[in-house]
Protein chains: 2
Amino acid sequence: MKTITSRELESVDIELGEDMLQGNRILAERNRRKLDEAGVYAVDILGSVGSGKTTLVQQMVIHLSGKAKTAAIAGDLTTTIDADRIQQAGAEVVQINTGKECHLDANLVHRALSELNLKALDVVFVENVGNLICPGEFPIGAHDRIVVVSTTEGPYMIRKHPYIVMETSVVVVNKIDLAEIMGVDLGQLRKDAQDVKPGIGVVFTNARTGQGVPDLLQLLRIPKS
Amino acid sequence: MKTITSRELESVDIELGEDMLQGNRILAERNRRKLDEAGVYAVDILGSVGSGKTTLVQQMVIHLSGKAKTAAIAGDLTTTIDADRIQQAGAEVVQINTGKECHLDANLVHRALSELNLKALDVVFVENVGNLICPGEFPIGAHDRIVVVSTTEGPYMIRKHPYIVMETSVVVVNKIDLAEIMGVDLGQLRKDAQDVKPGIGVVFTNARTGQGVPDLLQLLRIPKS
């Protein structure tokens, strides 16, 4: 089998890209300062479309109800489906429609944060655009980043996305009720994640029922109030 | 709910992007001529990670065995997992590792086509990088493009990706054996696709068993030999 790598074709792109990535990092640090000054914890939630990000955010909002004041920023190409669902769970939501862009960036998140009354909040969930590739290089200033994969994506999804797992605090393996029917070995997924990033937190959830959500909240660095 | 759109921020990006997209379109036309001169039909296969693209390619290779000579080009970030699986089904495979790039482009596919003996082939399957966003704007010169969605991605995956459905010949809804357990209405998915693009072909498959694969091959414009 022949293998081609795309690296040598991209000299111009890379230079331009570096400027853009550097600019994004500076804006991400500004977001972090804004959050810290207001005493707000933020988590960036990545995952493919259909992995269960929105349902997880709904569940975390419900589990934190009465303990922390939550809001969400939801990135999506064109629809407000996710934002509507999170709002139903009781959190204030700012929707970011990215059009054809496949990730949020620190500037968009900065504008969304400006729409929220941060002083009245404890936790902001940022649901990124649904894919496991582009958001990787665009930190948004969050305190933690979680990657949500689903057993229904098959057995290789962690091995296929080492870059993004490297830049993640916690891997959430969702839809564990379907692991057996999908022929997916949960222990192997944990091992794959820890091979990429030793010591990384791995949580198994069924977001529909809420199973595993308290374990996930434990692993996040949400300040105790 | 507040909604922010990313459009106004991107004036510089858009201009640069247009040059790049225009360049890609020219290279895509060159690929198409190269394919047509050799009498080879090519199909670009898009879908999220875990939607079943590789298994579908394996099945199509097996179904065409003895009827058409097939090869595959497999795009992936870093691994050769997909390429290995397709090769086992009996097709020659060229692997393209895109690193952090979230799509194939016409230039990469051109290089991959140069690795194949096109004169000896009838059909080339191009498995794009696993996500439903970035590959949309990068035609590669294929005769058809199919989008693979899986019932396990939940009920909204077509409504959430109108741009890519617009640029597609056939929508494949895979893992139909799990539709009921996932609470996904296949008729609604067909309707969602046809709302976005009236007349678009919609096929229901279970790629693991091969169910629906002959219907899919019927809808592709593979020349009868």
# chains A, B, ... in the order shown; residues from 1 in each chain; ligands from 1
>>> residues_around(residues="Arg30 in chain B", least_positions_apart="2", cutoff="12 Å", atoms="only C-alpha atoms", output="compact mmCIF listing (two decimals) with N, CA, C and O atoms, in the first residue's frame")
# COMPACT_ATOMS: atom_id res chain seq x y z
N GLY B 23 -8.66 27.26 -7.05
CA GLY B 23 -7.53 26.40 -7.43
C GLY B 23 -7.91 24.93 -7.32
O GLY B 23 -7.61 24.12 -8.20
N ASN B 24 -8.62 24.61 -6.25
CA ASN B 24 -9.03 23.22 -6.06
C ASN B 24 -9.99 22.76 -7.15
O ASN B 24 -9.90 21.63 -7.64
N ARG B 25 -10.91 23.66 -7.54
CA ARG B 25 -11.88 23.28 -8.58
C ARG B 25 -11.16 22.98 -9.91
O ARG B 25 -11.53 22.04 -10.62
N ILE B 26 -10.14 23.78 -10.21
CA ILE B 26 -9.39 23.54 -11.46
C ILE B 26 -8.70 22.18 -11.41
O ILE B 26 -8.74 21.40 -12.36
N LEU B 27 -8.08 21.89 -10.26
CA LEU B 27 -7.41 20.59 -10.12
C LEU B 27 -8.43 19.44 -10.14
O LEU B 27 -8.14 18.36 -10.64
N ALA B 28 -9.63 19.69 -9.62
CA ALA B 28 -10.67 18.65 -9.63
C ALA B 28 -11.07 18.33 -11.08
O ALA B 28 -11.27 17.17 -11.44
N ARG B 32 -10.90 14.80 -13.14
CA ARG B 32 -12.01 14.21 -13.87
C ARG B 32 -11.59 13.82 -15.30
O ARG B 32 -11.92 12.74 -15.79
N ARG B 33 -10.82 14.71 -15.95
CA ARG B 33 -10.36 14.40 -17.31
C ARG B 33 -9.48 13.15 -17.29
O ARG B 33 -9.60 12.26 -18.13
N LYS B 34 -8.57 13.11 -16.30
CA LYS B 34 -7.67 11.96 -16.17
C LYS B 34 -8.48 10.66 -16.01
O LYS B 34 -8.17 9.64 -16.64
N LEU B 35 -9.51 10.71 -15.19
CA LEU B 35 -10.36 9.54 -14.97
C LEU B 35 -11.11 9.19 -16.25
O LEU B 35 -11.15 8.01 -16.65
N ASP B 36 -11.70 10.18 -16.89
CA ASP B 36 -12.50 9.94 -18.08
C ASP B 36 -11.65 9.36 -19.21
O ASP B 36 -12.09 8.46 -19.94
N GLU B 37 -10.45 9.90 -19.36
CA GLU B 37 -9.55 9.39 -20.40
C GLU B 37 -9.24 7.90 -20.20
O GLU B 37 -9.08 7.15 -21.15
N ALA B 106 -8.24 18.12 -4.19
CA ALA B 106 -8.03 17.59 -5.54
C ALA B 106 -6.55 17.31 -5.81
O ALA B 106 -6.23 16.38 -6.55
N ASN B 107 -5.68 18.08 -5.21
CA ASN B 107 -4.26 17.88 -5.42
C ASN B 107 -3.79 16.56 -4.80
O ASN B 107 -3.08 15.77 -5.43
N VAL B 109 -5.63 14.00 -4.17
CA VAL B 109 -6.25 12.89 -4.91
C VAL B 109 -5.53 12.71 -6.25
O VAL B 109 -5.34 11.57 -6.71
N HIS B 110 -5.10 13.81 -6.84
CA HIS B 110 -4.33 13.70 -8.09
C HIS B 110 -3.07 12.86 -7.87
O HIS B 110 -2.74 11.98 -8.67
N ARG B 111 -2.39 13.14 -6.77
CA ARG B 111 -1.18 12.37 -6.49
C ARG B 111 -1.51 10.89 -6.25
O ARG B 111 -0.79 10.00 -6.68
N LEU B 113 -4.09 9.27 -7.51
CA LEU B 113 -4.46 8.66 -8.80
C LEU B 113 -3.22 8.27 -9.59
O LEU B 113 -3.21 7.27 -10.31
N PRO B 139 -14.40 19.65 -3.98
CA PRO B 139 -14.62 18.56 -4.93
C PRO B 139 -13.26 17.99 -5.33
O PRO B 139 -12.25 18.70 -5.34
N ILE B 140 -13.25 16.70 -5.62
CA ILE B 140 -11.99 16.04 -5.96
C ILE B 140 -11.99 15.52 -7.39
O ILE B 140 -11.03 14.90 -7.81
N GLY B 141 -13.07 15.76 -8.12
CA GLY B 141 -13.14 15.31 -9.50
C GLY B 141 -13.92 14.02 -9.69
O GLY B 141 -13.94 13.47 -10.79
N ALA B 142 -14.57 13.55 -8.64
CA ALA B 142 -15.33 12.30 -8.74
C ALA B 142 -16.62 12.51 -9.52
O ALA B 142 -17.13 13.63 -9.63
>>> residues_around(residues="Gln211 in chain B", least_positions_apart="5", cutoff="10 Å", atoms="only C-alpha atoms", output="list in words")
Gln59, Asn174, Lys175, Ile176, Asp177, Phe204, Thr205, Asn206 and Leu216 of chain B
>>> closest_residue(among="B:Ile222, B:Ile96, B:Val49, B:Cys134", to="Leu21 in chain B", atoms="only C-alpha atoms")
B:Cys134
>>> atom_distance(atom1="CA of Asn97 in chain A", atom2="CA of Leu77 in chain A")
5.1 Å
>>> atom_distance(atom1="CA of Val173 in chain A", atom2="CA of Gly47 in chain A")
10.3 Å
>>> closest_residue(among="A:His161, A:Arg85, A:Arg190, A:Lys100", to="Val61 in chain A", atoms="only C-alpha atoms")
A:Arg85
>>> interface_residues(of="chain B", to="chain A", cutoff="9 Å", atoms="only C-alpha atoms", output="PyMOL selection string")
chain B and resi 1-7+9+48-52+76-81+83-84+87+92-102+107-108+111-112+115+130-134+136-137+150+152-157+159-163
>>> atom_distance(atom1="CA of Thr54 in chain B", atom2="CA of Gln88 in chain B")
11.3 Å
>>> select_by_dssp(residues="chain B", states="strand (DSSP E or B)", output="short mmCIF file (atom, residue, chain, number, x, y, z; two decimals) with all heavy atoms, in the first residue's frame")
data_model
loop_
_atom_site.label_atom_id
_atom_site.label_comp_id
_atom_site.auth_asym_id
_atom_site.auth_seq_id
_atom_site.Cartn_x
_atom_site.Cartn_y
_atom_site.Cartn_z
N LYS B 2 -29.67 34.29 22.45
CA LYS B 2 -28.90 35.14 21.52
C LYS B 2 -28.24 34.25 20.46
O LYS B 2 -27.80 33.15 20.78
CB LYS B 2 -27.81 35.89 22.28
CG LYS B 2 -28.33 36.90 23.28
CD LYS B 2 -28.46 38.26 22.66
CE LYS B 2 -29.04 39.29 23.60
NZ LYS B 2 -28.70 39.14 25.00
N THR B 3 -28.18 34.73 19.26
CA THR B 3 -27.49 33.99 18.21
C THR B 3 -26.42 34.86 17.56
O THR B 3 -26.68 36.00 17.18
CB THR B 3 -28.47 33.52 17.12
OG1 THR B 3 -29.42 32.64 17.73
CG2 THR B 3 -27.75 32.76 16.01
N ILE B 4 -25.22 34.32 17.47
CA ILE B 4 -24.10 35.02 16.85
C ILE B 4 -23.74 34.27 15.59
O ILE B 4 -23.69 33.04 15.60
CB ILE B 4 -22.89 35.04 17.81
CG1 ILE B 4 -23.21 35.88 19.05
CG2 ILE B 4 -21.64 35.55 17.11
CD1 ILE B 4 -22.19 35.76 20.14
N THR B 5 -23.51 34.98 14.50
CA THR B 5 -23.03 34.28 13.30
C THR B 5 -21.62 34.76 13.00
O THR B 5 -21.25 35.89 13.29
CB THR B 5 -23.92 34.55 12.08
OG1 THR B 5 -23.91 35.95 11.83
CG2 THR B 5 -25.33 34.09 12.31
N TYR B 41 -14.59 5.28 -13.42
CA TYR B 41 -15.61 5.98 -12.64
C TYR B 41 -15.11 6.15 -11.21
O TYR B 41 -14.56 5.21 -10.62
CB TYR B 41 -16.91 5.17 -12.65
CG TYR B 41 -17.90 5.57 -11.58
CD1 TYR B 41 -18.86 6.55 -11.82
CD2 TYR B 41 -17.87 4.96 -10.33
CE1 TYR B 41 -19.77 6.91 -10.84
CE2 TYR B 41 -18.78 5.32 -9.34
CZ TYR B 41 -19.72 6.30 -9.60
OH TYR B 41 -20.61 6.67 -8.62
N ALA B 42 -15.27 7.34 -10.63
CA ALA B 42 -14.85 7.57 -9.24
C ALA B 42 -15.98 8.13 -8.40
O ALA B 42 -16.80 8.92 -8.89
CB ALA B 42 -13.67 8.53 -9.20
N VAL B 43 -16.05 7.71 -7.15
CA VAL B 43 -17.06 8.21 -6.23
C VAL B 43 -16.39 8.67 -4.94
O VAL B 43 -15.52 7.98 -4.40
CB VAL B 43 -18.17 7.16 -5.97
CG1 VAL B 43 -17.61 5.83 -5.51
CG2 VAL B 43 -19.21 7.68 -4.98
N ASP B 44 -16.78 9.85 -4.49
CA ASP B 44 -16.25 10.49 -3.27
C ASP B 44 -17.20 10.14 -2.13
O ASP B 44 -18.41 10.41 -2.22
CB ASP B 44 -16.21 12.00 -3.53
CG ASP B 44 -15.59 12.80 -2.40
OD1 ASP B 44 -14.95 12.21 -1.52
OD2 ASP B 44 -15.75 14.05 -2.42
N ILE B 45 -16.68 9.55 -1.06
CA ILE B 45 -17.53 9.03 0.02
C ILE B 45 -17.27 9.83 1.29
O ILE B 45 -16.19 9.79 1.85
CB ILE B 45 -17.25 7.53 0.23
CG1 ILE B 45 -17.55 6.79 -1.07
CG2 ILE B 45 -18.10 7.00 1.39
CD1 ILE B 45 -16.90 5.43 -1.16
N LEU B 46 -18.30 10.54 1.73
CA LEU B 46 -18.18 11.42 2.89
C LEU B 46 -18.99 10.86 4.05
O LEU B 46 -20.02 10.21 3.82
CB LEU B 46 -18.74 12.79 2.54
CG LEU B 46 -17.81 13.83 1.94
CD1 LEU B 46 -17.07 13.27 0.74
CD2 LEU B 46 -18.60 15.07 1.52
N GLY B 47 -18.59 11.17 5.24
CA GLY B 47 -19.37 10.77 6.41
C GLY B 47 -18.56 10.97 7.67
O GLY B 47 -17.33 11.01 7.61
N THR B 70 -11.69 -2.75 -9.15
CA THR B 70 -11.84 -1.64 -8.22
C THR B 70 -10.52 -1.31 -7.50
O THR B 70 -9.66 -2.17 -7.30
CB THR B 70 -12.89 -1.97 -7.13
OG1 THR B 70 -12.47 -3.16 -6.45
CG2 THR B 70 -14.25 -2.18 -7.75
N ALA B 71 -10.40 -0.04 -7.13
CA ALA B 71 -9.31 0.39 -6.26
C ALA B 71 -9.89 1.44 -5.32
O ALA B 71 -11.01 1.91 -5.52
CB ALA B 71 -8.16 0.99 -7.07
N ALA B 72 -9.13 1.78 -4.29
CA ALA B 72 -9.63 2.77 -3.34
C ALA B 72 -8.52 3.73 -2.93
O ALA B 72 -7.34 3.37 -2.92
CB ALA B 72 -10.20 2.08 -2.10
N ILE B 73 -8.94 4.94 -2.64
CA ILE B 73 -8.06 5.95 -2.05
C ILE B 73 -8.68 6.26 -0.69
O ILE B 73 -9.86 6.57 -0.61
CB ILE B 73 -8.01 7.22 -2.93
CG1 ILE B 73 -7.39 6.89 -4.29
CG2 ILE B 73 -7.26 8.34 -2.23
CD1 ILE B 73 -7.50 8.01 -5.31
N ALA B 74 -7.88 6.12 0.36
CA ALA B 74 -8.43 6.28 1.70
C ALA B 74 -7.75 7.44 2.41
O ALA B 74 -6.54 7.43 2.61
CB ALA B 74 -8.26 4.99 2.51
N GLY B 75 -8.55 8.43 2.78
CA GLY B 75 -8.02 9.58 3.52
C GLY B 75 -8.21 9.39 5.00
O GLY B 75 -9.27 8.98 5.45
N ASP B 76 -7.18 9.68 5.76
CA ASP B 76 -7.27 9.51 7.21
C ASP B 76 -6.23 10.43 7.83
O ASP B 76 -5.23 10.76 7.19
CB ASP B 76 -6.99 8.06 7.58
CG ASP B 76 -7.41 7.74 9.00
OD1 ASP B 76 -8.42 8.29 9.47
OD2 ASP B 76 -6.72 6.96 9.65
N GLU B 92 -7.00 -2.69 -4.55
CA GLU B 92 -5.75 -1.96 -4.35
C GLU B 92 -6.07 -0.64 -3.62
O GLU B 92 -7.10 -0.03 -3.90
CB GLU B 92 -5.13 -1.66 -5.72
CG GLU B 92 -3.73 -1.11 -5.64
CD GLU B 92 -3.17 -0.79 -7.02
OE1 GLU B 92 -3.80 -1.16 -8.03
OE2 GLU B 92 -2.11 -0.17 -7.08
N VAL B 93 -5.22 -0.23 -2.71
CA VAL B 93 -5.51 0.96 -1.92
C VAL B 93 -4.32 1.91 -1.89
O VAL B 93 -3.18 1.48 -1.70
CB VAL B 93 -5.87 0.60 -0.46
CG1 VAL B 93 -6.21 1.86 0.33
CG2 VAL B 93 -7.03 -0.37 -0.41
N VAL B 94 -4.59 3.19 -2.09
CA VAL B 94 -3.60 4.22 -1.82
C VAL B 94 -4.07 5.00 -0.60
O VAL B 94 -5.22 5.47 -0.56
CB VAL B 94 -3.42 5.20 -3.00
CG1 VAL B 94 -2.38 6.26 -2.66
CG2 VAL B 94 -3.03 4.45 -4.26
N GLN B 95 -3.22 5.10 0.38
CA GLN B 95 -3.55 5.77 1.63
C GLN B 95 -3.08 7.22 1.55
O GLN B 95 -1.94 7.47 1.15
CB GLN B 95 -2.81 5.05 2.75
CG GLN B 95 -2.75 5.77 4.07
CD GLN B 95 -4.01 5.57 4.86
OE1 GLN B 95 -4.66 4.53 4.77
NE2 GLN B 95 -4.39 6.59 5.62
N ILE B 96 -3.91 8.16 1.94
CA ILE B 96 -3.47 9.55 2.09
C ILE B 96 -3.62 9.94 3.56
O ILE B 96 -4.73 9.93 4.09
CB ILE B 96 -4.32 10.53 1.25
CG1 ILE B 96 -4.24 10.17 -0.25
CG2 ILE B 96 -3.84 11.97 1.47
CD1 ILE B 96 -5.11 11.06 -1.13
N ASN B 97 -2.50 10.23 4.19
CA ASN B 97 -2.58 10.72 5.56
C ASN B 97 -2.55 12.25 5.55
O ASN B 97 -1.59 12.86 5.11
CB ASN B 97 -1.42 10.18 6.40
CG ASN B 97 -1.68 8.76 6.86
OD1 ASN B 97 -2.82 8.30 6.86
ND2 ASN B 97 -0.64 8.07 7.26
N VAL B 123 -13.37 1.25 -11.44
CA VAL B 123 -14.00 2.04 -10.39
C VAL B 123 -12.97 2.41 -9.32
O VAL B 123 -12.19 1.55 -8.90
CB VAL B 123 -15.15 1.24 -9.71
CG1 VAL B 123 -15.74 2.01 -8.54
CG2 VAL B 123 -16.23 0.89 -10.72
N VAL B 124 -12.96 3.68 -8.91
CA VAL B 124 -12.14 4.10 -7.76
C VAL B 124 -13.05 4.67 -6.68
O VAL B 124 -13.81 5.62 -6.92
CB VAL B 124 -11.07 5.14 -8.17
CG1 VAL B 124 -10.34 5.67 -6.93
CG2 VAL B 124 -10.07 4.54 -9.15
N PHE B 125 -12.98 4.07 -5.50
CA PHE B 125 -13.69 4.59 -4.34
C PHE B 125 -12.75 5.53 -3.58
O PHE B 125 -11.62 5.14 -3.27
CB PHE B 125 -14.10 3.46 -3.40
CG PHE B 125 -15.07 2.50 -4.02
CD1 PHE B 125 -14.66 1.23 -4.45
CD2 PHE B 125 -16.40 2.85 -4.20
CE1 PHE B 125 -15.55 0.35 -5.03
CE2 PHE B 125 -17.30 1.97 -4.78
CZ PHE B 125 -16.87 0.71 -5.20
N VAL B 126 -13.21 6.72 -3.29
CA VAL B 126 -12.39 7.65 -2.52
C VAL B 126 -13.06 7.86 -1.17
O VAL B 126 -14.12 8.48 -1.07
CB VAL B 126 -12.22 9.00 -3.24
CG1 VAL B 126 -11.28 9.91 -2.44
CG2 VAL B 126 -11.69 8.79 -4.66
N GLU B 127 -12.45 7.32 -0.13
CA GLU B 127 -13.01 7.49 1.21
C GLU B 127 -12.41 8.75 1.82
O GLU B 127 -11.22 8.80 2.11
CB GLU B 127 -12.71 6.26 2.08
CG GLU B 127 -13.31 6.43 3.46
CD GLU B 127 -13.11 5.25 4.39
OE1 GLU B 127 -12.82 4.13 3.91
OE2 GLU B 127 -13.24 5.45 5.61
N ASN B 131 -15.58 13.40 8.58
CA ASN B 131 -16.42 14.44 9.17
C ASN B 131 -17.31 14.99 8.07
O ASN B 131 -17.01 14.83 6.88
CB ASN B 131 -15.59 15.56 9.81
CG ASN B 131 -14.94 16.45 8.78
OD1 ASN B 131 -15.48 17.47 8.39
ND2 ASN B 131 -13.76 16.06 8.31
N ASP B 144 -19.57 10.92 -8.77
CA ASP B 144 -20.65 10.99 -7.78
C ASP B 144 -20.04 11.28 -6.42
O ASP B 144 -18.86 10.98 -6.17
CB ASP B 144 -21.41 9.64 -7.69
CG ASP B 144 -22.45 9.47 -8.79
OD1 ASP B 144 -23.21 10.42 -9.03
OD2 ASP B 144 -22.47 8.38 -9.40
N ARG B 145 -20.88 11.84 -5.58
CA ARG B 145 -20.48 11.99 -4.18
C ARG B 145 -21.60 11.41 -3.32
O ARG B 145 -22.77 11.71 -3.54
CB ARG B 145 -20.30 13.46 -3.84
CG ARG B 145 -20.00 13.69 -2.39
CD ARG B 145 -20.00 15.16 -2.06
NE ARG B 145 -18.68 15.73 -2.14
CZ ARG B 145 -18.43 17.01 -1.92
NH1 ARG B 145 -19.41 17.84 -1.64
NH2 ARG B 145 -17.20 17.47 -1.97
N ILE B 146 -21.24 10.56 -2.36
CA ILE B 146 -22.26 10.06 -1.45
C ILE B 146 -21.93 10.50 -0.03
O ILE B 146 -20.76 10.64 0.35
CB ILE B 146 -22.44 8.52 -1.53
CG1 ILE B 146 -21.20 7.77 -1.04
CG2 ILE B 146 -22.76 8.08 -2.95
CD1 ILE B 146 -21.38 6.25 -1.10
N VAL B 147 -22.98 10.75 0.73
CA VAL B 147 -22.84 11.08 2.15
C VAL B 147 -23.41 9.92 2.94
O VAL B 147 -24.54 9.50 2.69
CB VAL B 147 -23.59 12.39 2.48
CG1 VAL B 147 -23.86 12.50 3.97
CG2 VAL B 147 -22.79 13.60 2.01
N VAL B 148 -22.60 9.40 3.86
CA VAL B 148 -23.04 8.30 4.70
C VAL B 148 -23.37 8.85 6.09
O VAL B 148 -22.51 9.47 6.73
CB VAL B 148 -21.94 7.23 4.84
CG1 VAL B 148 -22.45 6.05 5.67
CG2 VAL B 148 -21.46 6.77 3.46
N VAL B 149 -24.61 8.68 6.51
CA VAL B 149 -24.96 9.00 7.89
C VAL B 149 -25.42 7.70 8.55
O VAL B 149 -25.83 6.77 7.88
CB VAL B 149 -26.08 10.07 7.99
CG1 VAL B 149 -25.62 11.39 7.40
CG2 VAL B 149 -27.35 9.60 7.31
N SER B 150 -25.32 7.66 9.86
CA SER B 150 -25.67 6.45 10.58
C SER B 150 -26.83 6.77 11.53
O SER B 150 -26.88 7.86 12.11
CB SER B 150 -24.46 5.97 11.37
OG SER B 150 -24.87 5.13 12.42
N VAL B 170 -26.16 11.02 -3.53
CA VAL B 170 -26.90 9.98 -2.82
C VAL B 170 -26.61 10.09 -1.32
O VAL B 170 -25.45 10.24 -0.92
CB VAL B 170 -26.47 8.57 -3.29
CG1 VAL B 170 -27.23 7.48 -2.53
CG2 VAL B 170 -26.67 8.40 -4.80
N VAL B 171 -27.66 10.02 -0.51
CA VAL B 171 -27.49 9.91 0.95
C VAL B 171 -27.69 8.45 1.34
O VAL B 171 -28.70 7.84 0.98
CB VAL B 171 -28.50 10.79 1.71
CG1 VAL B 171 -28.47 10.48 3.20
CG2 VAL B 171 -28.22 12.27 1.47
N VAL B 172 -26.69 7.90 2.01
CA VAL B 172 -26.79 6.53 2.52
C VAL B 172 -27.08 6.62 4.02
O VAL B 172 -26.30 7.22 4.76
CB VAL B 172 -25.47 5.76 2.31
CG1 VAL B 172 -25.60 4.34 2.87
CG2 VAL B 172 -25.10 5.73 0.84
N VAL B 173 -28.19 6.03 4.45
CA VAL B 173 -28.48 5.94 5.88
C VAL B 173 -28.08 4.55 6.32
O VAL B 173 -28.70 3.55 5.94
CB VAL B 173 -29.97 6.21 6.17
CG1 VAL B 173 -30.25 6.08 7.67
CG2 VAL B 173 -30.39 7.58 5.65
N ASN B 174 -27.03 4.46 7.10
CA ASN B 174 -26.44 3.17 7.48
C ASN B 174 -26.84 2.77 8.90
O ASN B 174 -27.38 3.56 9.64
CB ASN B 174 -24.91 3.29 7.34
CG ASN B 174 -24.22 1.94 7.43
OD1 ASN B 174 -24.80 0.90 7.06
ND2 ASN B 174 -23.01 1.91 7.93
N GLY B 201 -31.18 10.85 -4.19
CA GLY B 201 -31.33 9.43 -3.88
C GLY B 201 -31.06 9.17 -2.41
O GLY B 201 -30.12 9.73 -1.84
N VAL B 202 -31.90 8.35 -1.78
CA VAL B 202 -31.68 7.97 -0.38
C VAL B 202 -31.72 6.45 -0.30
O VAL B 202 -32.66 5.83 -0.79
CB VAL B 202 -32.77 8.58 0.54
CG1 VAL B 202 -32.54 8.16 1.99
CG2 VAL B 202 -32.80 10.10 0.43
N VAL B 203 -30.68 5.85 0.27
CA VAL B 203 -30.59 4.40 0.37
C VAL B 203 -30.41 4.01 1.84
O VAL B 203 -29.65 4.66 2.56
CB VAL B 203 -29.37 3.86 -0.42
CG1 VAL B 203 -29.36 2.34 -0.40
CG2 VAL B 203 -29.39 4.36 -1.84
N PHE B 204 -31.10 2.96 2.26
CA PHE B 204 -30.97 2.46 3.63
C PHE B 204 -30.10 1.21 3.62
O PHE B 204 -30.39 0.27 2.88
CB PHE B 204 -32.35 2.15 4.20
CG PHE B 204 -33.24 3.36 4.28
CD1 PHE B 204 -34.40 3.44 3.52
CD2 PHE B 204 -32.90 4.43 5.09
CE1 PHE B 204 -35.22 4.57 3.58
CE2 PHE B 204 -33.71 5.57 5.17
CZ PHE B 204 -34.87 5.63 4.41
N ASN B 206 -27.40 -1.70 5.85
CA ASN B 206 -26.69 -2.25 7.01
C ASN B 206 -25.39 -2.79 6.43
O ASN B 206 -25.33 -3.91 5.91
CB ASN B 206 -27.52 -3.37 7.66
CG ASN B 206 -26.79 -3.99 8.83
OD1 ASN B 206 -25.61 -3.70 9.07
ND2 ASN B 206 -27.49 -4.85 9.57
N GLN B 211 -26.78 -5.54 3.50
CA GLN B 211 -28.15 -5.14 3.16
C GLN B 211 -28.17 -3.74 2.54
O GLN B 211 -27.60 -2.80 3.10
CB GLN B 211 -29.00 -5.16 4.45
CG GLN B 211 -30.47 -4.86 4.22
CD GLN B 211 -31.23 -4.73 5.56
OE1 GLN B 211 -30.67 -4.95 6.63
NE2 GLN B 211 -32.51 -4.39 5.48
#
>>> select_by_dssp(residues="range 191-223 of chain B", states="alpha helix (DSSP H)", output="PyMOL selection string")
chain B and resi 191-196+213-219
>>> write_last_selection(atoms="N, CA and C atoms", output="mmCIF file, in the first residue's frame")
data_model
loop_
_atom_site.group_PDB
_atom_site.id
_atom_site.type_symbol
_atom_site.label_atom_id
_atom_site.label_comp_id
_atom_site.auth_asym_id
_atom_site.auth_seq_id
_atom_site.Cartn_x
_atom_site.Cartn_y
_atom_site.Cartn_z
ATOM 1 N N LYS B 191 -37.167 12.213 4.269
ATOM 2 C CA LYS B 191 -37.854 13.488 4.040
ATOM 3 C C LYS B 191 -36.884 14.662 4.263
ATOM 4 N N ASP B 192 -36.075 14.582 5.335
ATOM 5 C CA ASP B 192 -35.111 15.661 5.614
ATOM 6 C C ASP B 192 -34.170 15.844 4.420
ATOM 7 N N ALA B 193 -33.693 14.730 3.864
ATOM 8 C CA ALA B 193 -32.754 14.822 2.737
ATOM 9 C C ALA B 193 -33.452 15.430 1.522
ATOM 10 N N GLN B 194 -34.684 14.992 1.287
ATOM 11 C CA GLN B 194 -35.388 15.474 0.094
ATOM 12 C C GLN B 194 -35.888 16.903 0.270
ATOM 13 N N ASP B 195 -36.068 17.342 1.519
ATOM 14 C CA ASP B 195 -36.373 18.765 1.760
ATOM 15 C C ASP B 195 -35.176 19.631 1.384
ATOM 16 N N VAL B 196 -33.972 19.146 1.710
ATOM 17 C CA VAL B 196 -32.769 19.918 1.386
ATOM 18 C C VAL B 196 -32.517 19.900 -0.118
ATOM 19 N N VAL B 213 -26.703 -2.701 -0.137
ATOM 20 C CA VAL B 213 -25.534 -2.347 -0.963
ATOM 21 C C VAL B 213 -25.842 -2.450 -2.468
ATOM 22 N N PRO B 214 -26.579 -3.488 -2.924
ATOM 23 C CA PRO B 214 -26.941 -3.507 -4.352
ATOM 24 C C PRO B 214 -27.759 -2.285 -4.759
ATOM 25 N N ASP B 215 -28.676 -1.825 -3.876
ATOM 26 C CA ASP B 215 -29.465 -0.623 -4.182
ATOM 27 C C ASP B 215 -28.545 0.591 -4.339
ATOM 28 N N LEU B 216 -27.564 0.680 -3.473
ATOM 29 C CA LEU B 216 -26.633 1.805 -3.557
ATOM 30 C C LEU B 216 -25.870 1.762 -4.879
ATOM 31 N N LEU B 217 -25.375 0.570 -5.252
ATOM 32 C CA LEU B 217 -24.607 0.450 -6.496
ATOM 33 C C LEU B 217 -25.475 0.808 -7.693
ATOM 34 N N GLN B 218 -26.768 0.471 -7.619
ATOM 35 C CA GLN B 218 -27.705 0.848 -8.680
ATOM 36 C C GLN B 218 -27.785 2.355 -8.885
ATOM 37 N N LEU B 219 -27.754 3.094 -7.754
ATOM 38 C CA LEU B 219 -27.916 4.547 -7.837
ATOM 39 C C LEU B 219 -26.656 5.249 -8.322
#
>>> decode(residues="range 163-167 of chain B", atoms="N, CA and C atoms", output="PDB file, in the first residue's frame")
ATOM      1  N   TYR B 163     -25.544  22.002   3.811  1.00  0.00           N
ATOM      2  CA  TYR B 163     -24.603  22.371   2.755  1.00  0.00           C
ATOM      3  C   TYR B 163     -24.056  21.133   2.055  1.00  0.00           C
ATOM      4  N   ILE B 164     -23.684  20.151   2.855  1.00  0.00           N
ATOM      5  CA  ILE B 164     -23.031  18.991   2.260  1.00  0.00           C
ATOM      6  C   ILE B 164     -24.052  18.118   1.524  1.00  0.00           C
ATOM      7  N   VAL B 165     -25.276  18.061   2.025  1.00  0.00           N
ATOM      8  CA  VAL B 165     -26.310  17.282   1.333  1.00  0.00           C
ATOM      9  C   VAL B 165     -26.609  17.912  -0.033  1.00  0.00           C
ATOM     10  N   MET B 166     -26.592  19.241  -0.085  1.00  0.00           N
ATOM     11  CA  MET B 166     -26.812  19.956  -1.352  1.00  0.00           C
ATOM     12  C   MET B 166     -25.833  19.522  -2.436  1.00  0.00           C
ATOM     13  N   GLU B 167     -24.633  19.172  -2.043  1.00  0.00           N
ATOM     14  CA  GLU B 167     -23.583  18.869  -3.027  1.00  0.00           C
ATOM     15  C   GLU B 167     -23.364  17.363  -3.183  1.00  0.00           C
TER      16      GLU B 167
END
